[in-house]
>>> print(open('protein-v8.tsv').read())   # TSV, C-alpha atoms and all ligand atoms
chain	number	residue	atom	x	y	z
A	1	MET	CA	-91.81	-3.24	-118.69
A	2	GLU	CA	-94.36	-3.30	-121.45
A	3	GLY	CA	-94.57	-6.11	-123.96
A	4	ARG	CA	-93.94	-5.80	-127.66
A	5	SER	CA	-97.58	-5.53	-128.63
A	6	PHE	CA	-97.64	-2.15	-126.89
A	7	ASN	CA	-95.55	-0.69	-129.66
A	8	VAL	CA	-98.54	-0.80	-131.94
A	9	LYS	CA	-100.93	2.04	-131.25
A	10	VAL	CA	-104.44	1.17	-130.16
A	11	ALA	CA	-105.76	3.38	-132.95
A	12	GLU	CA	-104.01	1.21	-135.54
A	13	LYS	CA	-105.31	-2.02	-134.06
A	14	LEU	CA	-108.75	-0.49	-133.86
A	15	GLN	CA	-108.69	0.34	-137.56
A	16	ASP	CA	-107.82	-3.23	-138.40
A	17	ILE	CA	-110.56	-4.60	-136.14
A	18	GLN	CA	-113.10	-2.19	-137.58
A	19	SER	CA	-112.39	-3.41	-141.08
A	20	GLN	CA	-112.74	-7.01	-139.91
A	21	ILE	CA	-116.06	-6.11	-138.32
A	22	GLN	CA	-117.18	-4.45	-141.52
A	23	ALA	CA	-116.29	-7.56	-143.52
A	24	ALA	CA	-118.08	-9.88	-141.09
A	25	CYS	CA	-121.17	-7.64	-141.18
A	26	GLN	CA	-121.15	-7.58	-144.95
A	27	LYS	CA	-120.97	-11.37	-145.06
A	28	ALA	CA	-123.94	-11.60	-142.70
A	29	GLY	CA	-126.01	-8.77	-144.19
A	30	ARG	CA	-125.68	-6.67	-141.06
A	31	GLN	CA	-124.73	-3.04	-140.43
A	32	PRO	CA	-121.42	-2.35	-138.64
A	33	ASP	CA	-123.16	0.05	-136.26
A	34	GLU	CA	-125.10	-2.90	-134.85
A	35	VAL	CA	-121.87	-4.09	-133.22
A	36	LYS	CA	-120.26	-2.37	-130.24
A	37	ILE	CA	-116.65	-2.98	-129.34
A	38	ILE	CA	-115.87	-3.40	-125.67
A	39	ALA	CA	-112.15	-2.80	-125.13
A	40	VAL	CA	-111.13	-5.26	-122.44
A	41	THR	CA	-108.44	-3.48	-120.45
A	42	LYS	CA	-107.89	-6.10	-117.75
A	43	TYR	CA	-104.35	-6.93	-118.87
A	44	VAL	CA	-103.11	-3.42	-119.44
A	45	SER	CA	-102.03	-0.26	-117.64
A	46	VAL	CA	-104.07	2.86	-116.97
A	47	GLU	CA	-102.00	4.61	-119.65
A	48	ARG	CA	-102.91	2.01	-122.24
A	49	ALA	CA	-106.58	2.20	-121.29
A	50	GLN	CA	-106.36	5.98	-121.62
A	51	GLU	CA	-104.94	5.50	-125.11
A	52	ALA	CA	-107.95	3.33	-125.96
A	53	LEU	CA	-110.31	6.11	-124.89
A	54	GLU	CA	-108.39	8.60	-126.95
A	55	ALA	CA	-108.63	6.31	-129.97
A	56	GLY	CA	-112.40	6.75	-129.70
A	57	LEU	CA	-113.35	3.62	-127.79
A	58	ILE	CA	-116.13	4.32	-125.31
A	59	HIS	CA	-116.95	0.91	-123.88
A	60	LEU	CA	-114.36	-0.53	-121.51
A	61	GLY	CA	-114.46	-3.92	-119.80
A	62	GLU	CA	-112.77	-5.23	-116.67
A	63	ASN	CA	-113.15	-8.58	-114.94
A	64	ARG	CA	-111.96	-7.72	-111.42
A	65	ASP	CA	-113.17	-5.08	-109.03
A	66	GLU	CA	-109.65	-3.86	-108.23
A	67	GLY	CA	-108.81	-3.30	-111.90
A	68	LEU	CA	-112.06	-1.52	-112.53
A	69	LEU	CA	-111.76	0.73	-109.50
A	70	GLU	CA	-108.21	1.74	-110.32
A	71	LYS	CA	-109.07	2.69	-113.88
A	72	TRP	CA	-112.35	4.26	-112.89
A	73	ASP	CA	-110.36	6.50	-110.57
A	74	LYS	CA	-107.51	7.44	-112.87
A	75	LEU	CA	-108.87	7.65	-116.40
A	76	THR	CA	-109.91	11.00	-117.74
A	77	GLY	CA	-112.98	10.90	-119.91
A	78	GLU	CA	-116.27	9.13	-119.41
A	79	PRO	CA	-116.06	5.52	-120.47
A	80	VAL	CA	-119.07	3.25	-120.26
A	81	TRP	CA	-117.97	0.45	-117.94
A	82	HIS	CA	-118.76	-3.21	-118.41
A	83	PHE	CA	-118.09	-5.77	-115.71
A	84	ILE	CA	-117.29	-8.95	-117.63
A	85	GLY	CA	-115.87	-11.38	-115.09
A	86	SER	CA	-117.40	-13.75	-112.63
A	87	LEU	CA	-118.68	-11.61	-109.80
A	88	GLN	CA	-118.64	-12.53	-106.13
A	89	SER	CA	-121.69	-11.24	-104.31
A	90	ARG	CA	-119.62	-9.48	-101.66
A	91	LYS	CA	-117.90	-7.42	-104.40
A	92	VAL	CA	-121.12	-6.10	-105.92
A	93	LYS	CA	-121.18	-3.06	-103.66
A	94	ASN	CA	-117.70	-2.01	-104.86
A	95	ILE	CA	-118.65	-1.74	-108.51
A	96	ILE	CA	-122.39	-1.34	-108.75
A	97	ASP	CA	-122.54	2.45	-109.02
A	98	LYS	CA	-119.65	2.53	-111.51
A	99	VAL	CA	-120.74	0.09	-114.19
A	100	SER	CA	-123.44	0.33	-116.83
A	101	TYR	CA	-123.49	-3.37	-117.72
A	102	ILE	CA	-122.83	-6.60	-115.86
A	103	HIS	CA	-122.11	-9.48	-118.24
A	104	SER	CA	-121.95	-12.31	-115.74
A	105	LEU	CA	-125.27	-12.79	-114.01
A	106	ASP	CA	-125.48	-16.52	-113.36
A	107	ARG	CA	-127.33	-17.09	-110.08
A	108	LEU	CA	-130.25	-15.79	-108.05
A	109	SER	CA	-128.11	-14.92	-105.03
A	110	LEU	CA	-126.13	-12.54	-107.24
A	111	ALA	CA	-129.34	-11.04	-108.67
A	112	ASN	CA	-130.53	-10.51	-105.14
A	113	GLU	CA	-127.38	-8.64	-104.17
A	114	ILE	CA	-127.38	-6.51	-107.34
A	115	ASP	CA	-131.00	-5.58	-106.76
A	116	LYS	CA	-130.29	-4.68	-103.15
A	117	ARG	CA	-127.25	-2.52	-103.88
A	118	ALA	CA	-128.16	-0.81	-107.16
A	119	GLY	CA	-129.36	2.79	-107.01
A	120	LYS	CA	-131.11	2.48	-110.35
A	121	PRO	CA	-131.98	-0.26	-112.85
A	122	ILE	CA	-128.91	-1.93	-114.28
A	123	ASN	CA	-128.42	-3.79	-117.54
A	124	CYS	CA	-127.40	-7.39	-116.95
A	125	PHE	CA	-126.47	-10.20	-119.29
A	126	VAL	CA	-127.24	-13.74	-118.26
A	127	GLN	CA	-124.04	-15.72	-118.73
A	128	VAL	CA	-124.57	-19.03	-120.47
A	129	ASN	CA	-122.14	-21.93	-120.58
A	130	VAL	CA	-123.09	-23.06	-124.06
A	131	SER	CA	-120.10	-25.32	-124.60
A	132	GLY	CA	-120.65	-27.14	-121.29
A	133	GLU	CA	-116.97	-26.94	-120.37
A	134	GLU	CA	-116.42	-27.68	-116.71
A	135	SER	CA	-114.11	-24.68	-116.29
A	136	LYS	CA	-116.62	-22.14	-117.53
A	137	HIS	CA	-119.11	-20.13	-115.52
A	138	GLY	CA	-122.69	-19.68	-116.53
A	139	LEU	CA	-126.01	-21.44	-116.68
A	140	SER	CA	-126.60	-24.42	-118.89
A	141	PRO	CA	-128.78	-23.54	-121.89
A	142	GLU	CA	-131.77	-25.49	-120.49
A	143	GLU	CA	-131.79	-23.37	-117.34
A	144	VAL	CA	-131.83	-19.97	-119.01
A	145	VAL	CA	-135.51	-19.29	-119.71
A	146	SER	CA	-136.74	-20.24	-116.27
A	147	PHE	CA	-133.88	-18.33	-114.65
A	148	VAL	CA	-134.82	-15.20	-116.58
A	149	GLU	CA	-138.48	-15.66	-115.59
A	150	GLN	CA	-137.50	-15.81	-111.93
A	151	LEU	CA	-135.78	-12.42	-112.21
A	152	ALA	CA	-139.07	-10.60	-112.78
A	153	LYS	CA	-139.37	-9.74	-109.09
A	154	TYR	CA	-136.16	-7.71	-109.04
A	155	GLU	CA	-137.02	-4.13	-109.85
A	156	LYS	CA	-133.50	-3.05	-110.64
A	157	ILE	CA	-132.48	-5.88	-112.93
A	158	VAL	CA	-132.96	-5.47	-116.65
A	159	ILE	CA	-131.97	-8.46	-118.74
A	160	CYS	CA	-130.53	-6.69	-121.75
A	161	GLY	CA	-129.12	-9.85	-123.29
A	162	LEU	CA	-127.19	-13.09	-123.08
A	163	MET	CA	-123.43	-13.58	-122.84
A	164	THR	CA	-121.17	-16.52	-123.51
A	165	MET	CA	-117.51	-17.42	-123.74
A	166	ALA	CA	-116.76	-19.88	-126.50
A	167	PRO	CA	-114.12	-22.57	-126.00
A	168	LEU	CA	-110.54	-21.66	-126.78
A	169	THR	CA	-110.24	-23.43	-130.11
A	170	ASP	CA	-109.59	-22.83	-133.79
A	171	ASN	CA	-112.41	-25.17	-134.71
A	172	GLU	CA	-114.66	-22.81	-136.60
A	173	ASP	CA	-117.64	-25.16	-136.68
A	174	LEU	CA	-117.55	-25.56	-132.93
A	175	LEU	CA	-117.33	-21.81	-132.36
A	176	ARG	CA	-120.13	-21.15	-134.82
A	177	SER	CA	-122.37	-23.70	-133.19
A	178	CYS	CA	-121.82	-22.10	-129.78
A	179	PHE	CA	-122.78	-18.68	-131.06
A	180	LYS	CA	-125.79	-20.04	-132.95
A	181	GLN	CA	-127.05	-21.66	-129.77
A	182	LEU	CA	-126.82	-18.39	-127.87
A	183	LYS	CA	-128.75	-16.63	-130.65
A	184	GLN	CA	-131.41	-19.34	-130.51
A	185	LEU	CA	-131.72	-18.94	-126.74
A	186	GLN	CA	-132.07	-15.20	-127.17
A	187	LYS	CA	-135.04	-15.82	-129.47
A	188	GLU	CA	-136.61	-18.08	-126.86
A	189	VAL	CA	-136.24	-15.46	-124.14
A	190	GLN	CA	-137.59	-12.73	-126.43
A	191	SER	CA	-140.61	-14.86	-127.31
A	192	LYS	CA	-141.69	-14.70	-123.65
A	193	ARG	CA	-142.10	-10.92	-123.98
A	194	LEU	CA	-141.07	-10.29	-120.40
A	195	PRO	CA	-141.03	-6.59	-119.49
A	196	HIS	CA	-137.84	-6.98	-117.46
A	197	ALA	CA	-136.05	-8.92	-120.21
A	198	PRO	CA	-135.96	-7.20	-123.60
A	199	CYS	CA	-132.89	-9.33	-124.33
A	200	THR	CA	-131.88	-7.39	-127.42
A	201	GLU	CA	-128.12	-7.86	-127.00
A	202	LEU	CA	-125.72	-10.74	-127.54
A	203	SER	CA	-122.35	-10.38	-125.84
A	204	MET	CA	-120.16	-12.88	-127.62
A	205	GLY	CA	-116.84	-12.92	-129.45
A	206	MET	CA	-113.32	-12.21	-128.18
A	207	SER	CA	-109.95	-11.66	-129.88
A	208	ASN	CA	-109.87	-15.12	-131.42
A	209	ASP	CA	-113.42	-15.46	-132.61
A	210	TYR	CA	-115.17	-12.10	-132.88
A	211	GLN	CA	-115.60	-12.27	-136.66
A	212	ILE	CA	-117.53	-15.54	-136.39
A	213	ALA	CA	-119.54	-14.22	-133.43
A	214	ILE	CA	-120.57	-11.20	-135.51
A	215	GLU	CA	-121.62	-13.38	-138.42
A	216	GLU	CA	-123.84	-15.22	-135.92
A	217	GLY	CA	-125.41	-12.10	-134.45
A	218	ALA	CA	-123.15	-10.61	-131.75
A	219	THR	CA	-124.06	-7.04	-130.81
A	220	MET	CA	-121.20	-6.60	-128.35
A	221	VAL	CA	-117.74	-8.09	-128.82
A	222	ARG	CA	-115.30	-8.11	-125.91
A	223	ILE	CA	-111.78	-7.64	-127.26
A	224	GLY	CA	-108.62	-7.47	-125.17
A	225	THR	CA	-105.49	-9.00	-126.66
A	226	ALA	CA	-106.10	-8.04	-130.29
A	227	LEU	CA	-106.99	-4.44	-129.44
A	228	VAL	CA	-105.07	-3.13	-126.44
A	229	GLY	CA	-102.60	-5.97	-125.96
A	230	GLU	CA	-102.18	-8.70	-123.42
A	301	LIG	C1	-110.40	-11.42	-120.89
A	301	LIG	C2	-111.78	-11.52	-121.37
A	301	LIG	C3	-112.10	-11.14	-122.68
A	301	LIG	C4	-111.06	-10.65	-123.70
A	301	LIG	O1	-110.24	-11.70	-124.10
A	301	LIG	P1	-109.21	-11.55	-125.33
A	301	LIG	O2	-109.04	-12.94	-125.80
A	301	LIG	O3	-107.97	-10.97	-124.76
A	301	LIG	O4	-109.84	-10.69	-126.34
A	301	LIG	C5	-113.43	-11.21	-123.07
A	301	LIG	N1	-114.38	-11.65	-122.22
A	301	LIG	C6	-114.12	-12.03	-120.97
A	301	LIG	C7	-115.23	-12.50	-120.09
A	301	LIG	C8	-112.81	-11.98	-120.50
A	301	LIG	O5	-112.56	-12.37	-119.24
>>> encode(input="protein-v8.tsv", output="structure tokens")
Amino acid sequence: MEGRSFNVKVAEKLQDIQSQIQAACQKAGRQPDEVKIIAVTKYVSVERAQEALEAGLIHLGENRDEGLLEKWDKLTGEPVWHFIGSLQSRKVKNIIDKVSYIHSLDRLSLANEIDKRAGKPINCFVQVNVSGEESKHGLSPEEVVSFVEQLAKYEKIVICGLMTMAPLTDNEDLLRSCFKQLKQLQKEVQSKRLPHAPCTELSMGMSNDYQIAIEEGATMVRIGTALVGE
């Protein structure tokens, strides 16, 4: 019972998204290879995720442990897995040896659990609630620098970057201001020159707003609906 969007091949959608990325990069004076696409497969079947891999996508994202484990088990190929959803501490052990990136680090108790369970250092994004919406996870911008500083004691946590989810809106100015704030915070973290926090990445931009996110400095865009379907 697959929806209509499944009739369009992932490869076709990918081509369209790649040309949008190219245009956004050109506008911003950036190179397209500075931007990685994470195909968010949380809404779709194993078969559709397999199609994404075959279209050349390497980075896959899931927001629930069940979804990740099922696809991890059944897909052929070697995707790089990103955990993008809010993560309960008790679920860390289920996913920790299967993912390369966790995009949703937002509290010390979670850092503690990741550090305890990880077999090797793992790339984490600190999730920031830039827009301040009640419904969104993440630290408030003012908390970020001191939070990152407190992570120094965890040997297996590398802060590779910051992540945010912008509000669901068509208001371009609002979206842009969210992304700009995350970029600004990244600069603040980088200025501390913390060995455990190179913070070179910005995970921002989804189906509705990835072009704007790229213009504002995104290095990883997380695209579900527009790429593999909803
Ligand atoms: C679902 C999800 C996405 C992808 O959303 P689309 O709008 O379908 O592109 C990106 N990031 C996170 C954290 C998500 O949960």
>>> closest_residue(input="protein-v8.tsv", among="A:Asp209, A:Asp65, A:Glu155, A:Glu143", to="Arg107 of chain A", atoms="all atoms listed in the file")
A:Glu143
>>> residues_near_ligand(input="protein-v8.tsv", ligand="ligand LIG 301 (chain A)", cutoff="6 Å", atoms="only C-alpha atoms and all ligand atoms", output="mmCIF file with C-alpha atoms, keeping the file's coordinate frame")
data_model
loop_
_atom_site.group_PDB
_atom_site.id
_atom_site.type_symbol
_atom_site.label_atom_id
_atom_site.label_comp_id
_atom_site.auth_asym_id
_atom_site.auth_seq_id
_atom_site.Cartn_x
_atom_site.Cartn_y
_atom_site.Cartn_z
ATOM 1 C CA VAL A 40 -111.130 -5.260 -122.440
ATOM 2 C CA ASN A 63 -113.150 -8.580 -114.940
ATOM 3 C CA ILE A 84 -117.290 -8.950 -117.630
ATOM 4 C CA GLY A 85 -115.870 -11.380 -115.090
ATOM 5 C CA MET A 206 -113.320 -12.210 -128.180
ATOM 6 C CA SER A 207 -109.950 -11.660 -129.880
ATOM 7 C CA ARG A 222 -115.300 -8.110 -125.910
ATOM 8 C CA ILE A 223 -111.780 -7.640 -127.260
ATOM 9 C CA GLY A 224 -108.620 -7.470 -125.170
ATOM 10 C CA THR A 225 -105.490 -9.000 -126.660
#
>>> closest_residue(input="protein-v8.tsv", among="A:Tyr154, A:Gly132, A:His137, A:Gly29", to="Ala118 of chain A", atoms="all atoms listed in the file")
A:Tyr154
>>> closest_residue(input="protein-v8.tsv", among="A:Glu149, A:Tyr101, A:Leu87, A:Val44", to="His59 of chain A", atoms="all atoms listed in the file")
A:Tyr101
>>> atom_distance(input="protein-v8.tsv", atom1="atom CA of Asp106 of chain A", atom2="atom CA of Met163 of chain A")
10.1 Å
>>> closest_residue(input="protein-v8.tsv", among="A:Lys74, A:Lys180, A:His82, A:Lys36", to="Glu62 of chain A", atoms="only C-alpha atoms")
A:His82
>>> residues_around(input="protein-v8.tsv", residues="Asn129 of chain A", least_positions_apart="6", cutoff="12 Å", atoms="only C-alpha atoms", output="PyMOL selection string")
chain A and resi 104-106+135-144+162-167+178-179+181-182+185+204
>>> closest_residue(input="protein-v8.tsv", among="A:Glu78, A:Ile157, A:Leu151, A:Gly229", to="Asp115 of chain A", atoms="only C-alpha atoms")
A:Ile157
>>> atom_distance(input="protein-v8.tsv", atom1="atom CA of Asp170 of chain A", atom2="atom CA of Ile214 of chain A")
16.1 Å
>>> residues_around(input="protein-v8.tsv", residues="segment 15-17 of chain A", least_positions_apart="6", cutoff="10 Å", atoms="only C-alpha atoms", output="PyMOL selection string")
chain A and resi 23+37+55+207+210-211+223+226-227
>>> residues_around(input="protein-v8.tsv", residues="Ser100 of chain A", least_positions_apart="3", cutoff="9 Å", atoms="only C-alpha atoms", output="MDAnalysis selection string")
chainID A and resid 80:83 96:97 122:124
>>> closest_residue(input="protein-v8.tsv", among="A:Ser45, A:Asn94, A:Gln22, A:Gln50", to="Arg64 of chain A", atoms="all atoms listed in the file")
A:Asn94
>>> axis_aligned_box(input="protein-v8.tsv", around="segment 218-226 of chain A", padding_each_side="5 Å", output="JSON")
{"center_x": -114.8, "center_y": -8.6, "center_z": -128.5, "size_x": 28.6, "size_y": 14.0, "size_z": 16.6}
>>> atom_distance(input="protein-v8.tsv", atom1="atom CA of Ala28 of chain A", atom2="atom CA of Gly217 of chain A")
8.4 Å
>>> residues_near_point(input="protein-v8.tsv", point="(-119.7, -7.8, -143.7)", cutoff="12 Å", atoms="all atoms listed in the file", output="list in words")
Gln18, Ser19, Gln20, Ile21, Gln22, Ala23, Ala24, Cys25, Gln26, Lys27, Ala28, Gly29, Arg30, Gln31, Pro32, Asp33, Glu34, Val35, Gln211, Ile212, Ile214, Glu215, Glu216 and Gly217 of chain A
>>> residues_near_point(input="protein-v8.tsv", point="(-99.8, 6.3, -130.9)", cutoff="12 Å", atoms="only C-alpha atoms", output="mmCIF file with C-alpha atoms, in the frame of the given file")
data_model
loop_
_atom_site.group_PDB
_atom_site.id
_atom_site.type_symbol
_atom_site.label_atom_id
_atom_site.label_comp_id
_atom_site.auth_asym_id
_atom_site.auth_seq_id
_atom_site.Cartn_x
_atom_site.Cartn_y
_atom_site.Cartn_z
ATOM 1 C CA PHE A 6 -97.640 -2.150 -126.890
ATOM 2 C CA ASN A 7 -95.550 -0.690 -129.660
ATOM 3 C CA VAL A 8 -98.540 -0.800 -131.940
ATOM 4 C CA LYS A 9 -100.930 2.040 -131.250
ATOM 5 C CA VAL A 10 -104.440 1.170 -130.160
ATOM 6 C CA ALA A 11 -105.760 3.380 -132.950
ATOM 7 C CA GLU A 12 -104.010 1.210 -135.540
ATOM 8 C CA LYS A 13 -105.310 -2.020 -134.060
ATOM 9 C CA LEU A 14 -108.750 -0.490 -133.860
ATOM 10 C CA GLU A 47 -102.000 4.610 -119.650
ATOM 11 C CA ARG A 48 -102.910 2.010 -122.240
ATOM 12 C CA GLN A 50 -106.360 5.980 -121.620
ATOM 13 C CA GLU A 51 -104.940 5.500 -125.110
ATOM 14 C CA ALA A 52 -107.950 3.330 -125.960
ATOM 15 C CA GLU A 54 -108.390 8.600 -126.950
ATOM 16 C CA ALA A 55 -108.630 6.310 -129.970
ATOM 17 C CA VAL A 228 -105.070 -3.130 -126.440
#
>>> build_atoms(input="protein-v8.tsv", residues="segment 206-219 of chain A", atoms="N, CA and C atoms", output="PDB file, in the coordinates of the input")
ATOM      1  N   MET A 206    -114.510 -12.772-128.798  1.00  0.00           N
ATOM      2  CA  MET A 206    -113.320 -12.210-128.180  1.00  0.00           C
ATOM      3  C   MET A 206    -112.236 -12.132-129.274  1.00  0.00           C
ATOM      4  N   SER A 207    -111.000 -11.855-128.873  1.00  0.00           N
ATOM      5  CA  SER A 207    -109.950 -11.660-129.880  1.00  0.00           C
ATOM      6  C   SER A 207    -109.888 -12.766-130.936  1.00  0.00           C
ATOM      7  N   ASN A 208    -110.065 -13.996-130.499  1.00  0.00           N
ATOM      8  CA  ASN A 208    -109.870 -15.120-131.420  1.00  0.00           C
ATOM      9  C   ASN A 208    -111.064 -15.432-132.311  1.00  0.00           C
ATOM     10  N   ASP A 209    -112.225 -14.951-131.933  1.00  0.00           N
ATOM     11  CA  ASP A 209    -113.420 -15.460-132.610  1.00  0.00           C
ATOM     12  C   ASP A 209    -114.492 -14.400-132.887  1.00  0.00           C
ATOM     13  N   TYR A 210    -114.111 -13.113-132.777  1.00  0.00           N
ATOM     14  CA  TYR A 210    -115.170 -12.100-132.880  1.00  0.00           C
ATOM     15  C   TYR A 210    -115.802 -12.022-134.263  1.00  0.00           C
ATOM     16  N   GLN A 211    -115.005 -12.354-135.309  1.00  0.00           N
ATOM     17  CA  GLN A 211    -115.600 -12.270-136.660  1.00  0.00           C
ATOM     18  C   GLN A 211    -116.741 -13.284-136.801  1.00  0.00           C
ATOM     19  N   ILE A 212    -116.496 -14.494-136.305  1.00  0.00           N
ATOM     20  CA  ILE A 212    -117.530 -15.540-136.390  1.00  0.00           C
ATOM     21  C   ILE A 212    -118.731 -15.157-135.531  1.00  0.00           C
ATOM     22  N   ALA A 213    -118.442 -14.627-134.327  1.00  0.00           N
ATOM     23  CA  ALA A 213    -119.540 -14.220-133.430  1.00  0.00           C
ATOM     24  C   ALA A 213    -120.424 -13.177-134.112  1.00  0.00           C
ATOM     25  N   ILE A 214    -119.797 -12.250-134.819  1.00  0.00           N
ATOM     26  CA  ILE A 214    -120.570 -11.200-135.510  1.00  0.00           C
ATOM     27  C   ILE A 214    -121.413 -11.807-136.630  1.00  0.00           C
ATOM     28  N   GLU A 215    -120.829 -12.724-137.372  1.00  0.00           N
ATOM     29  CA  GLU A 215    -121.620 -13.380-138.420  1.00  0.00           C
ATOM     30  C   GLU A 215    -122.842 -14.078-137.827  1.00  0.00           C
ATOM     31  N   GLU A 216    -122.730 -14.499-136.562  1.00  0.00           N
ATOM     32  CA  GLU A 216    -123.840 -15.220-135.920  1.00  0.00           C
ATOM     33  C   GLU A 216    -124.713 -14.313-135.060  1.00  0.00           C
ATOM     34  N   GLY A 217    -124.461 -13.002-135.086  1.00  0.00           N
ATOM     35  CA  GLY A 217    -125.410 -12.100-134.450  1.00  0.00           C
ATOM     36  C   GLY A 217    -124.929 -11.318-133.232  1.00  0.00           C
ATOM     37  N   ALA A 218    -123.646 -11.377-132.911  1.00  0.00           N
ATOM     38  CA  ALA A 218    -123.150 -10.610-131.750  1.00  0.00           C
ATOM     39  C   ALA A 218    -123.473  -9.127-131.896  1.00  0.00           C
ATOM     40  N   THR A 219    -123.893  -8.491-130.801  1.00  0.00           N
ATOM     41  CA  THR A 219    -124.060  -7.040-130.810  1.00  0.00           C
ATOM     42  C   THR A 219    -123.002  -6.351-129.959  1.00  0.00           C
TER      43      THR A 219
END
